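**Q** Pasting model-v2.txt below, which is compact mmCIF, C-alpha atoms.
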```txt
# COMPACT_ATOMS: atom_id res chain seq x y z
CA MET A 178 4.58 -50.72 -47.29
CA PRO A 179 3.16 -54.09 -47.78
CA LEU A 180 -0.28 -54.03 -49.33
CA VAL A 181 -2.10 -57.17 -48.26
CA ARG A 182 -5.10 -58.70 -50.04
CA ILE A 183 -6.99 -61.41 -48.20
CA ALA A 184 -9.79 -63.49 -49.72
CA VAL A 185 -12.10 -65.84 -47.85
CA LEU A 186 -15.47 -67.39 -48.52
CA ALA A 187 -18.48 -65.35 -47.45
CA GLY A 188 -20.45 -66.41 -44.41
CA LYS A 189 -18.10 -65.86 -41.53
CA PRO A 190 -18.43 -62.89 -39.16
CA ALA A 191 -16.35 -59.76 -39.66
CA ALA A 192 -14.41 -60.65 -36.51
CA HIS A 193 -13.12 -63.75 -38.27
CA ARG A 194 -11.69 -61.69 -41.11
CA ALA A 195 -10.26 -59.15 -38.70
CA ALA A 196 -8.52 -61.87 -36.73
CA ILE A 197 -6.93 -63.18 -39.92
CA GLY A 198 -5.75 -59.70 -40.84
CA ASP A 199 -4.28 -59.18 -37.37
CA ALA A 200 -2.47 -62.49 -37.50
CA VAL A 201 -0.95 -61.92 -40.94
CA HIS A 202 0.24 -58.48 -39.88
CA ARG A 203 1.77 -59.77 -36.66
CA ALA A 204 3.72 -62.39 -38.62
CA MET A 205 4.99 -59.73 -41.05
CA VAL A 206 6.17 -57.50 -38.24
CA GLU A 207 8.01 -60.34 -36.53
CA THR A 208 9.74 -61.84 -39.57
CA LEU A 209 9.90 -59.33 -42.46
CA ASN A 210 11.06 -56.11 -40.78
CA VAL A 211 7.69 -54.49 -41.34
CA PRO A 212 6.99 -51.58 -38.96
CA ALA A 213 4.05 -52.23 -36.66
CA LYS A 214 2.21 -49.21 -38.01
CA ASP A 215 2.81 -50.16 -41.65
CA ARG A 216 -0.49 -51.93 -42.07
CA PHE A 217 -2.70 -51.72 -45.15
CA GLN A 218 -5.06 -54.56 -46.00
CA ILE A 219 -7.91 -55.17 -48.41
CA ILE A 220 -10.08 -58.05 -47.24
CA GLY A 221 -12.78 -59.51 -49.42
CA GLU A 222 -15.41 -62.20 -49.29
CA CYS A 223 -16.13 -64.51 -52.21
CA GLN A 224 -19.45 -66.10 -52.96
CA ALA A 225 -19.63 -69.90 -53.03
CA GLY A 226 -17.94 -71.12 -56.19
CA ASP A 227 -15.88 -67.96 -56.62
CA LEU A 228 -13.00 -68.98 -54.38
CA VAL A 229 -11.54 -71.90 -56.28
CA TYR A 230 -8.93 -74.21 -54.82
CA ASP A 231 -7.63 -77.67 -55.43
CA PRO A 232 -8.44 -79.86 -52.41
CA SER A 233 -5.19 -81.82 -52.49
CA TYR A 234 -2.48 -80.13 -54.60
CA LEU A 235 0.95 -81.00 -53.18
CA ASP A 236 -0.83 -83.47 -50.89
CA ILE A 237 -2.19 -80.72 -48.70
CA PRO A 238 -5.87 -81.24 -47.84
CA ARG A 239 -7.79 -77.97 -48.20
CA THR A 240 -11.31 -76.99 -47.22
CA ASP A 241 -13.74 -74.13 -47.71
CA GLY A 242 -12.02 -72.48 -44.76
CA ILE A 243 -9.21 -71.56 -47.14
CA VAL A 244 -7.63 -68.13 -46.81
CA MET A 245 -5.79 -66.72 -49.82
CA VAL A 246 -3.30 -64.00 -48.93
CA GLN A 247 -1.41 -61.96 -51.52
CA ILE A 248 1.14 -59.46 -50.31
CA THR A 249 2.85 -56.77 -52.39
CA LEU A 250 6.08 -55.71 -50.67
CA ASN A 251 9.51 -54.35 -51.38
CA ALA A 252 12.10 -56.77 -52.68
CA GLY A 253 15.03 -57.57 -50.42
CA ARG A 254 13.78 -60.14 -47.95
CA THR A 255 15.86 -63.33 -47.92
CA VAL A 256 14.48 -66.77 -48.56
CA ASP A 257 14.92 -67.55 -44.88
CA MET A 258 12.88 -64.50 -43.91
CA LYS A 259 10.12 -65.54 -46.28
CA LYS A 260 10.14 -69.07 -44.86
CA ALA A 261 9.90 -67.69 -41.34
CA PHE A 262 7.01 -65.49 -42.39
CA PHE A 263 5.07 -68.33 -43.98
CA ALA A 264 5.50 -70.45 -40.86
CA LYS A 265 4.40 -67.73 -38.45
CA ALA A 266 1.54 -66.57 -40.65
CA ALA A 267 0.05 -70.04 -40.82
CA ALA A 268 0.54 -70.55 -37.09
CA TYR A 269 -0.93 -67.20 -36.07
CA VAL A 270 -3.89 -67.40 -38.44
CA HIS A 271 -4.61 -70.84 -37.00
CA GLU A 272 -4.36 -69.63 -33.41
CA ALA A 273 -6.28 -66.39 -33.90
CA ALA A 274 -9.01 -67.45 -36.29
CA GLY A 275 -9.19 -71.22 -36.11
CA VAL A 276 -8.13 -71.62 -39.73
CA ARG A 277 -6.40 -74.92 -40.46
CA PRO A 278 -2.71 -74.36 -41.33
CA GLU A 279 -3.32 -76.37 -44.49
CA ASP A 280 -5.82 -73.71 -45.54
CA VAL A 281 -3.42 -70.75 -45.47
CA LEU A 282 -2.18 -69.96 -48.99
CA ILE A 283 0.26 -67.09 -49.41
CA SER A 284 1.64 -65.36 -52.49
CA LEU A 285 4.29 -62.62 -52.38
CA VAL A 286 4.78 -60.01 -55.12
CA GLU A 287 7.95 -57.94 -54.87
CA VAL A 288 8.40 -54.39 -56.12
CA THR A 289 10.97 -51.59 -55.84
CA LYS A 290 10.90 -48.97 -53.14
CA GLU A 291 10.02 -46.06 -55.38
CA ASN A 292 6.74 -47.76 -56.27
CA TRP A 293 4.77 -46.56 -53.25
CA SER A 294 2.95 -43.47 -52.16
CA PHE A 295 1.41 -43.58 -48.69
CA GLY A 296 -0.46 -40.34 -49.03
CA ASN A 297 -0.01 -36.70 -49.99
CA GLY A 298 1.22 -37.65 -53.45
CA ILE A 299 4.75 -38.31 -52.26
CA ALA A 300 6.96 -41.35 -52.91
CA GLN A 301 7.97 -41.68 -49.28
CA TYR A 302 10.50 -44.48 -49.83
CA ALA A 303 12.20 -43.14 -53.00
CA MET B 166 -1.79 -51.45 -70.48
CA PRO B 167 -2.03 -50.47 -66.94
CA LEU B 168 -4.55 -52.52 -65.02
CA VAL B 169 -5.79 -50.42 -62.13
CA ARG B 170 -7.43 -51.78 -58.98
CA ILE B 171 -9.12 -49.27 -56.71
CA ALA B 172 -10.55 -50.10 -53.28
CA VAL B 173 -12.73 -47.81 -51.16
CA LEU B 174 -15.11 -48.30 -48.28
CA ALA B 175 -18.72 -49.04 -49.22
CA GLY B 176 -21.33 -46.37 -48.74
CA LYS B 177 -20.42 -43.72 -51.28
CA PRO B 178 -22.34 -43.29 -54.55
CA ALA B 179 -21.08 -44.85 -57.76
CA ALA B 180 -20.28 -41.35 -59.02
CA HIS B 181 -17.69 -41.01 -56.27
CA ARG B 182 -15.89 -44.12 -57.42
CA ALA B 183 -16.13 -43.08 -61.05
CA ALA B 184 -14.61 -39.69 -60.25
CA ILE B 185 -11.70 -41.40 -58.53
CA GLY B 186 -11.16 -43.67 -61.53
CA ASP B 187 -11.26 -40.70 -63.91
CA ALA B 188 -8.75 -38.78 -61.82
CA VAL B 189 -6.28 -41.65 -61.54
CA HIS B 190 -6.45 -42.23 -65.27
CA ARG B 191 -5.93 -38.57 -66.10
CA ALA B 192 -2.82 -38.50 -63.92
CA MET B 193 -1.46 -41.62 -65.65
CA VAL B 194 -1.99 -40.12 -69.09
CA GLU B 195 -0.26 -36.87 -68.15
CA THR B 196 2.77 -38.34 -66.37
CA LEU B 197 3.34 -41.99 -67.38
CA ASN B 198 2.96 -41.93 -71.18
CA VAL B 199 -0.25 -43.93 -70.95
CA PRO B 200 -2.48 -43.52 -74.03
CA ALA B 201 -5.80 -41.86 -73.26
CA LYS B 202 -7.71 -44.89 -74.49
CA ASP B 203 -5.59 -47.34 -72.51
CA ARG B 204 -7.94 -47.51 -69.57
CA PHE B 205 -8.83 -50.65 -67.64
CA GLN B 206 -9.94 -50.43 -64.03
CA ILE B 207 -11.43 -52.75 -61.45
CA ILE B 208 -13.09 -50.79 -58.67
CA GLY B 209 -14.35 -52.43 -55.52
CA GLU B 210 -16.07 -51.52 -52.30
CA CYS B 211 -15.05 -52.97 -48.95
CA GLN B 212 -17.35 -53.50 -46.02
CA ALA B 213 -16.53 -51.71 -42.76
CA GLY B 214 -13.55 -53.40 -41.17
CA ASP B 215 -12.34 -54.92 -44.42
CA LEU B 216 -10.33 -51.92 -45.62
CA VAL B 217 -7.61 -51.76 -43.02
CA TYR B 218 -5.22 -48.84 -42.72
CA ASP B 219 -2.96 -47.35 -40.11
CA PRO B 220 -4.27 -43.88 -39.16
CA SER B 221 -0.83 -42.29 -38.79
CA TYR B 222 1.94 -44.36 -40.44
CA LEU B 223 4.72 -42.02 -41.63
CA ASP B 224 2.91 -39.22 -39.78
CA ILE B 225 0.18 -39.03 -42.38
CA PRO B 226 -3.29 -38.81 -40.85
CA ARG B 227 -5.70 -41.15 -42.65
CA THR B 228 -9.46 -41.55 -42.48
CA ASP B 229 -12.17 -43.89 -43.69
CA GLY B 230 -12.13 -41.87 -46.89
CA ILE B 231 -8.96 -43.74 -47.84
CA VAL B 232 -8.53 -44.86 -51.43
CA MET B 233 -6.13 -47.73 -52.13
CA VAL B 234 -4.91 -47.83 -55.72
CA GLN B 235 -2.77 -50.62 -57.14
CA ILE B 236 -1.56 -50.34 -60.70
CA THR B 237 0.07 -53.08 -62.78
CA LEU B 238 2.05 -51.50 -65.62
CA ASN B 239 5.06 -52.06 -67.83
CA ALA B 240 8.46 -51.39 -66.32
CA GLY B 241 10.44 -48.50 -67.72
CA ARG B 242 9.07 -45.40 -66.05
CA THR B 243 11.72 -43.35 -64.25
CA VAL B 244 11.57 -42.44 -60.59
CA ASP B 245 10.79 -38.86 -61.58
CA MET B 246 7.85 -40.00 -63.69
CA LYS B 247 6.52 -42.04 -60.79
CA LYS B 248 6.89 -39.09 -58.44
CA ALA B 249 5.04 -36.86 -60.89
CA PHE B 250 2.30 -39.44 -61.15
CA PHE B 251 1.85 -39.77 -57.41
CA ALA B 252 1.61 -35.99 -57.05
CA LYS B 253 -0.95 -35.54 -59.81
CA ALA B 254 -2.97 -38.57 -58.79
CA ALA B 255 -3.38 -37.28 -55.24
CA ALA B 256 -4.21 -33.78 -56.49
CA TYR B 257 -6.71 -34.91 -59.10
CA VAL B 258 -8.45 -37.42 -56.82
CA HIS B 259 -8.76 -34.66 -54.27
CA GLU B 260 -10.17 -32.17 -56.79
CA ALA B 261 -12.51 -34.59 -58.51
CA ALA B 262 -13.80 -36.64 -55.62
CA GLY B 263 -13.10 -34.65 -52.49
CA VAL B 264 -10.72 -37.26 -51.15
CA ARG B 265 -8.07 -35.89 -48.79
CA PRO B 266 -4.59 -36.14 -50.38
CA GLU B 267 -3.47 -37.92 -47.21
CA ASP B 268 -5.98 -40.64 -48.03
CA VAL B 269 -4.60 -41.57 -51.45
CA LEU B 270 -2.41 -44.66 -51.19
CA ILE B 271 -0.77 -45.95 -54.37
CA SER B 272 1.17 -49.12 -55.15
CA LEU B 273 2.81 -49.85 -58.50
CA VAL B 274 3.60 -53.35 -59.78
CA GLU B 275 5.84 -53.52 -62.84
CA VAL B 276 5.82 -56.24 -65.47
CA THR B 277 7.30 -56.89 -68.91
CA LYS B 278 5.60 -55.94 -72.13
CA GLU B 279 4.90 -59.46 -73.33
CA ASN B 280 2.73 -60.03 -70.25
CA TRP B 281 -0.44 -58.51 -71.68
CA SER B 282 -3.26 -59.50 -73.95
CA PHE B 283 -5.88 -56.84 -74.62
CA GLY B 284 -8.25 -59.14 -76.42
CA ASN B 285 -8.40 -61.67 -79.24
CA GLY B 286 -5.79 -63.85 -77.57
CA ILE B 287 -2.89 -61.79 -78.88
CA ALA B 288 0.09 -60.36 -76.97
CA GLN B 289 -0.27 -56.95 -78.55
CA TYR B 290 2.90 -55.48 -77.01
CA ALA B 291 5.24 -58.46 -77.53
CA MET C 83 1.28 -71.90 -58.17
CA PRO C 84 -0.51 -69.47 -60.31
CA LEU C 85 -2.97 -67.36 -58.38
CA VAL C 86 -5.67 -66.22 -60.78
CA ARG C 87 -7.95 -63.24 -60.27
CA ILE C 88 -10.94 -62.93 -62.57
CA ALA C 89 -13.28 -59.94 -62.68
CA VAL C 90 -16.58 -59.74 -64.55
CA LEU C 91 -19.66 -57.57 -64.35
CA ALA C 92 -22.35 -58.73 -61.95
CA GLY C 93 -25.52 -60.20 -63.33
CA LYS C 94 -24.44 -63.47 -64.86
CA PRO C 95 -25.06 -66.83 -63.18
CA ALA C 96 -22.37 -68.51 -61.12
CA ALA C 97 -22.06 -71.14 -63.82
CA HIS C 98 -20.83 -68.46 -66.22
CA ARG C 99 -18.02 -67.51 -63.89
CA ALA C 100 -17.17 -71.13 -63.22
CA ALA C 101 -16.94 -71.84 -66.94
CA ILE C 102 -14.54 -68.93 -67.37
CA GLY C 103 -12.39 -70.20 -64.51
CA ASP C 104 -12.34 -73.70 -65.98
CA ALA C 105 -11.33 -72.40 -69.39
CA VAL C 106 -8.51 -70.22 -68.10
CA HIS C 107 -7.15 -73.10 -66.06
CA ARG C 108 -7.30 -75.53 -69.00
CA ALA C 109 -5.33 -73.07 -71.14
CA MET C 110 -2.70 -72.68 -68.41
CA VAL C 111 -2.28 -76.44 -68.07
CA GLU C 112 -1.88 -76.91 -71.82
CA THR C 113 0.54 -74.06 -72.50
CA LEU C 114 2.34 -72.97 -69.31
CA ASN C 115 3.36 -76.27 -67.71
CA VAL C 116 0.92 -75.74 -64.87
CA PRO C 117 -0.04 -79.01 -63.11
CA ALA C 118 -3.71 -79.87 -63.48
CA LYS C 119 -4.21 -79.79 -59.74
CA ASP C 120 -2.42 -76.46 -59.31
CA ARG C 121 -5.59 -74.38 -59.41
CA PHE C 122 -6.31 -71.39 -57.21
CA GLN C 123 -8.68 -68.68 -58.39
CA ILE C 124 -10.40 -65.65 -56.90
CA ILE C 125 -13.39 -64.65 -58.97
CA GLY C 126 -15.26 -61.43 -58.36
CA GLU C 127 -18.22 -59.53 -59.71
CA CYS C 128 -18.18 -55.78 -60.23
CA GLN C 129 -21.20 -53.54 -60.04
CA ALA C 130 -22.10 -51.52 -63.14
CA GLY C 131 -19.59 -48.72 -63.54
CA ASP C 132 -16.94 -50.45 -61.47
CA LEU C 133 -15.44 -52.54 -64.28
CA VAL C 134 -14.00 -49.86 -66.52
CA TYR C 135 -12.70 -50.58 -70.02
CA ASP C 136 -12.03 -48.65 -73.17
CA PRO C 137 -14.41 -49.86 -75.88
CA SER C 138 -11.87 -49.63 -78.72
CA TYR C 139 -8.26 -49.40 -77.45
CA LEU C 140 -5.92 -51.02 -80.00
CA ASP C 141 -8.93 -51.23 -82.34
CA ILE C 142 -10.45 -54.08 -80.39
CA PRO C 143 -14.18 -53.61 -79.81
CA ARG C 144 -15.08 -54.46 -76.22
CA THR C 145 -18.42 -54.89 -74.47
CA ASP C 146 -19.81 -55.30 -70.97
CA GLY C 147 -19.10 -58.99 -71.40
CA ILE C 148 -15.46 -58.20 -70.72
CA VAL C 149 -13.45 -60.58 -68.55
CA MET C 150 -10.33 -59.24 -66.84
CA VAL C 151 -7.88 -61.96 -65.81
CA GLN C 152 -4.75 -61.30 -63.79
CA ILE C 153 -2.42 -64.19 -63.08
CA THR C 154 0.48 -64.24 -60.63
CA LEU C 155 2.91 -67.01 -61.60
CA ASN C 156 6.54 -67.96 -61.45
CA ALA C 157 8.87 -66.30 -63.93
CA GLY C 158 10.42 -68.52 -66.57
CA ARG C 159 7.81 -68.97 -69.25
CA THR C 160 9.01 -67.93 -72.71
CA VAL C 161 7.31 -65.34 -74.85
CA ASP C 162 6.09 -68.11 -77.13
CA MET C 163 4.51 -69.93 -74.19
CA LYS C 164 2.76 -66.74 -73.12
CA LYS C 165 1.50 -66.16 -76.66
CA ALA C 166 0.17 -69.72 -76.79
CA PHE C 167 -1.54 -69.22 -73.47
CA PHE C 168 -3.24 -65.99 -74.51
CA ALA C 169 -4.52 -67.62 -77.69
CA LYS C 170 -5.89 -70.70 -75.95
CA ALA C 171 -7.35 -68.76 -73.05
CA ALA C 172 -9.34 -66.50 -75.36
CA ALA C 173 -10.48 -69.46 -77.43
CA TYR C 174 -11.50 -71.62 -74.48
CA VAL C 175 -13.25 -68.81 -72.62
CA HIS C 176 -15.17 -68.11 -75.80
CA GLU C 177 -16.11 -71.76 -76.30
CA ALA C 178 -16.98 -72.49 -72.69
CA ALA C 179 -18.71 -69.29 -71.62
CA GLY C 180 -19.71 -67.51 -74.82
CA VAL C 181 -17.42 -64.58 -74.09
CA ARG C 182 -16.26 -62.74 -77.21
CA PRO C 183 -12.50 -63.22 -77.76
CA GLU C 184 -12.21 -59.45 -77.97
CA ASP C 185 -13.49 -59.29 -74.40
CA VAL C 186 -10.75 -61.43 -72.83
CA LEU C 187 -8.11 -59.22 -71.23
CA ILE C 188 -5.15 -60.90 -69.55
CA SER C 189 -2.33 -59.56 -67.36
CA LEU C 190 0.56 -61.69 -66.09
CA VAL C 191 2.61 -60.84 -62.99
CA GLU C 192 5.78 -62.87 -62.53
CA VAL C 193 7.41 -63.73 -59.22
CA THR C 194 10.17 -65.99 -57.91
CA LYS C 195 9.60 -69.53 -56.75
CA GLU C 196 10.29 -68.91 -53.07
CA ASN C 197 7.35 -66.49 -52.96
CA TRP C 198 4.67 -69.10 -52.42
CA SER C 199 3.23 -71.09 -49.57
CA PHE C 200 0.47 -73.53 -50.48
CA GLY C 201 -0.43 -74.39 -46.93
CA ASN C 202 1.11 -75.53 -43.64
CA GLY C 203 3.38 -72.49 -43.53
CA ILE C 204 5.94 -74.04 -45.87
CA ALA C 205 7.54 -72.53 -48.97
CA GLN C 206 6.95 -75.63 -51.06
CA TYR C 207 8.86 -74.40 -54.13
CA ALA C 208 11.89 -72.87 -52.36
```
Mind turning this structure into structure tokens?

**A**
Amino acid sequence: MPLVRIAVLAGKPAAHRAAIGDAVHRAMVETLNVPAKDRFQIIGECQAGDLVYDPSYLDIPRTDGIVMVQITLNAGRTVDMKKAFFAKAAAYVHEAAGVRPEDVLISLVEVTKENWSFGNGIAQYA
Amino acid sequence: MPLVRIAVLAGKPAAHRAAIGDAVHRAMVETLNVPAKDRFQIIGECQAGDLVYDPSYLDIPRTDGIVMVQITLNAGRTVDMKKAFFAKAAAYVHEAAGVRPEDVLISLVEVTKENWSFGNGIAQYA
Amino acid sequence: MPLVRIAVLAGKPAAHRAAIGDAVHRAMVETLNVPAKDRFQIIGECQAGDLVYDPSYLDIPRTDGIVMVQITLNAGRTVDMKKAFFAKAAAYVHEAAGVRPEDVLISLVEVTKENWSFGNGIAQYA
């Protein structure tokens, strides 16, 4: 059910982006009750200048290695679950793809369960 | 008012993407009370490996022909309207673009009516 | 905290897109209580045919110069603040990048404050 959008700067190999996607998914499975097979991701590269970030907002030093992750998912996860997810996502993306933890930005967008169709024109969760 | 994002794998002609956009819009007009002229869509192609899907989640067989559609729209549609939309969207995308119904994934994100400006810096729905 | 997605047609120089991003951010800072350093934007170009708009919906004449802006931000801004933002965003994008005010389309998506991590795996606003 989560739909995950990941944006990075262009210039890294496809394996780098795949490793990021794997890591984000693993963290979701372990902390947000996401089934292992419930994986749908749209990964995109930005040209230089098109991925804009502040290099020090909230005193976190960021670089061009930044990864912006936006996840649409059903409402209902607790704050503690979200905190656990953020921690594991940053750790796993660091381990798997060499991204600095400071460079992992995550945004969650919550929706209701009848807002999904996973194929065949059916609202599978409604 | 809906803003529609559509992601497909690169390699198909522009006419394929246009047919998908047409079909999604037609389904919205027929089932979600969307005016015919209220059409705004951002369509993008993903490189191989960057459009990630599970090939069998919920026992639905998916292929590289997958189409991921995310629609931001005003809250207020009933569950039945959403179900009707999902059904018609999958059918019309299949008819118009040859996409397998199993390969049509849809995510809805609902917002409030004062969250839109359609030009001229005015919140036309507020 | 806001995550800003901006879509334009391909073919304009990078400086055009940067000017649009600057203008949107300035308007957010002045009207939505967004800190000046709280800037995160994903800007993308669409190929011809992939940025779909109605040329006259709500009697607003639109052109291929259209700019579609979608902003994910914390809930809590008043309707008046949103109206002020829309007005300034259209004006500043016009001034800075020569985009017609009619061609500035904006969509806001509101979330809760625990839905963000700005790096280091921490939910800084929770």

**Q** Which residues of chain B are close to chain A, meaning at most 6 Å apart when you count all atoms listed in the file, and how do they look as a ChimeraX atom specification?

**A** /B:215-219,222,248,251-252,255,266-273

**Q** Generate the output file for the selected residues, C-alpha atoms, as an mmCIF file, in the coordinates of the input.

**A**
```
data_model
loop_
_atom_site.group_PDB
_atom_site.id
_atom_site.type_symbol
_atom_site.label_atom_id
_atom_site.label_comp_id
_atom_site.auth_asym_id
_atom_site.auth_seq_id
_atom_site.Cartn_x
_atom_site.Cartn_y
_atom_site.Cartn_z
ATOM 1 C CA ASP B 215 -12.340 -54.920 -44.420
ATOM 2 C CA LEU B 216 -10.330 -51.920 -45.620
ATOM 3 C CA VAL B 217 -7.610 -51.760 -43.020
ATOM 4 C CA TYR B 218 -5.220 -48.840 -42.720
ATOM 5 C CA ASP B 219 -2.960 -47.350 -40.110
ATOM 6 C CA TYR B 222 1.940 -44.360 -40.440
ATOM 7 C CA LYS B 248 6.890 -39.090 -58.440
ATOM 8 C CA PHE B 251 1.850 -39.770 -57.410
ATOM 9 C CA ALA B 252 1.610 -35.990 -57.050
ATOM 10 C CA ALA B 255 -3.380 -37.280 -55.240
ATOM 11 C CA PRO B 266 -4.590 -36.140 -50.380
ATOM 12 C CA GLU B 267 -3.470 -37.920 -47.210
ATOM 13 C CA ASP B 268 -5.980 -40.640 -48.030
ATOM 14 C CA VAL B 269 -4.600 -41.570 -51.450
ATOM 15 C CA LEU B 270 -2.410 -44.660 -51.190
ATOM 16 C CA ILE B 271 -0.770 -45.950 -54.370
ATOM 17 C CA SER B 272 1.170 -49.120 -55.150
ATOM 18 C CA LEU B 273 2.810 -49.850 -58.500
#
```

**Q** Around region 136-142 of chain C, with edges along x, y and z and 8 Å added on all six sides, what centre and edge lengths do you get, in Å to one decimal, as lines of an AutoDock Vina configuration file?

**A**
```
center_x = -10.2
center_y = -51.4
center_z = -77.8
size_x = 24.5
size_y = 21.4
size_z = 25.2
```

**Q** Excluding same-chain residues fewer than 2 positions from region 258-262 of chain B, what lies within 7 Å of it counting only C-alpha atoms, as a VMD selection string?

**A** chain B and resid 181 184 to 185 188 to 189 254 to 256 264 to 266

**Q** One decimal, Å: what's the distance from CA of Tyr207 (chain C) over to CA of Lys259 (chain A), could you say?

**A**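 Atom-to-atom, CA of Tyr207 (chain C) to CA of Lys259 (chain A), that is 11.9 Å.
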
**Q** Kindly give the distance, in Å, that separates CA of Lys170 (chain C) and CA of Gln235 (chain B), rounded to a single decimal.

**A**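 Computed distance, CA of Lys170 (chain C) to CA of Gln235 (chain B), equals 27.7 Å.
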
**Q** In Å, with one decimal, what is the gap from CA of Val173 (chain B) to CA of Val232 (chain B)?

**A**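 Calculated distance between CA of Val173 (chain B) and CA of Val232 (chain B) is 5.1 Å.
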
**Q** Counting all atoms listed in the file, figure out which residue out of A:Leu235, A:Val211, A:Val206, A:Ile243 gets nearest to Leu186 (chain A).

**A** A:Ile243
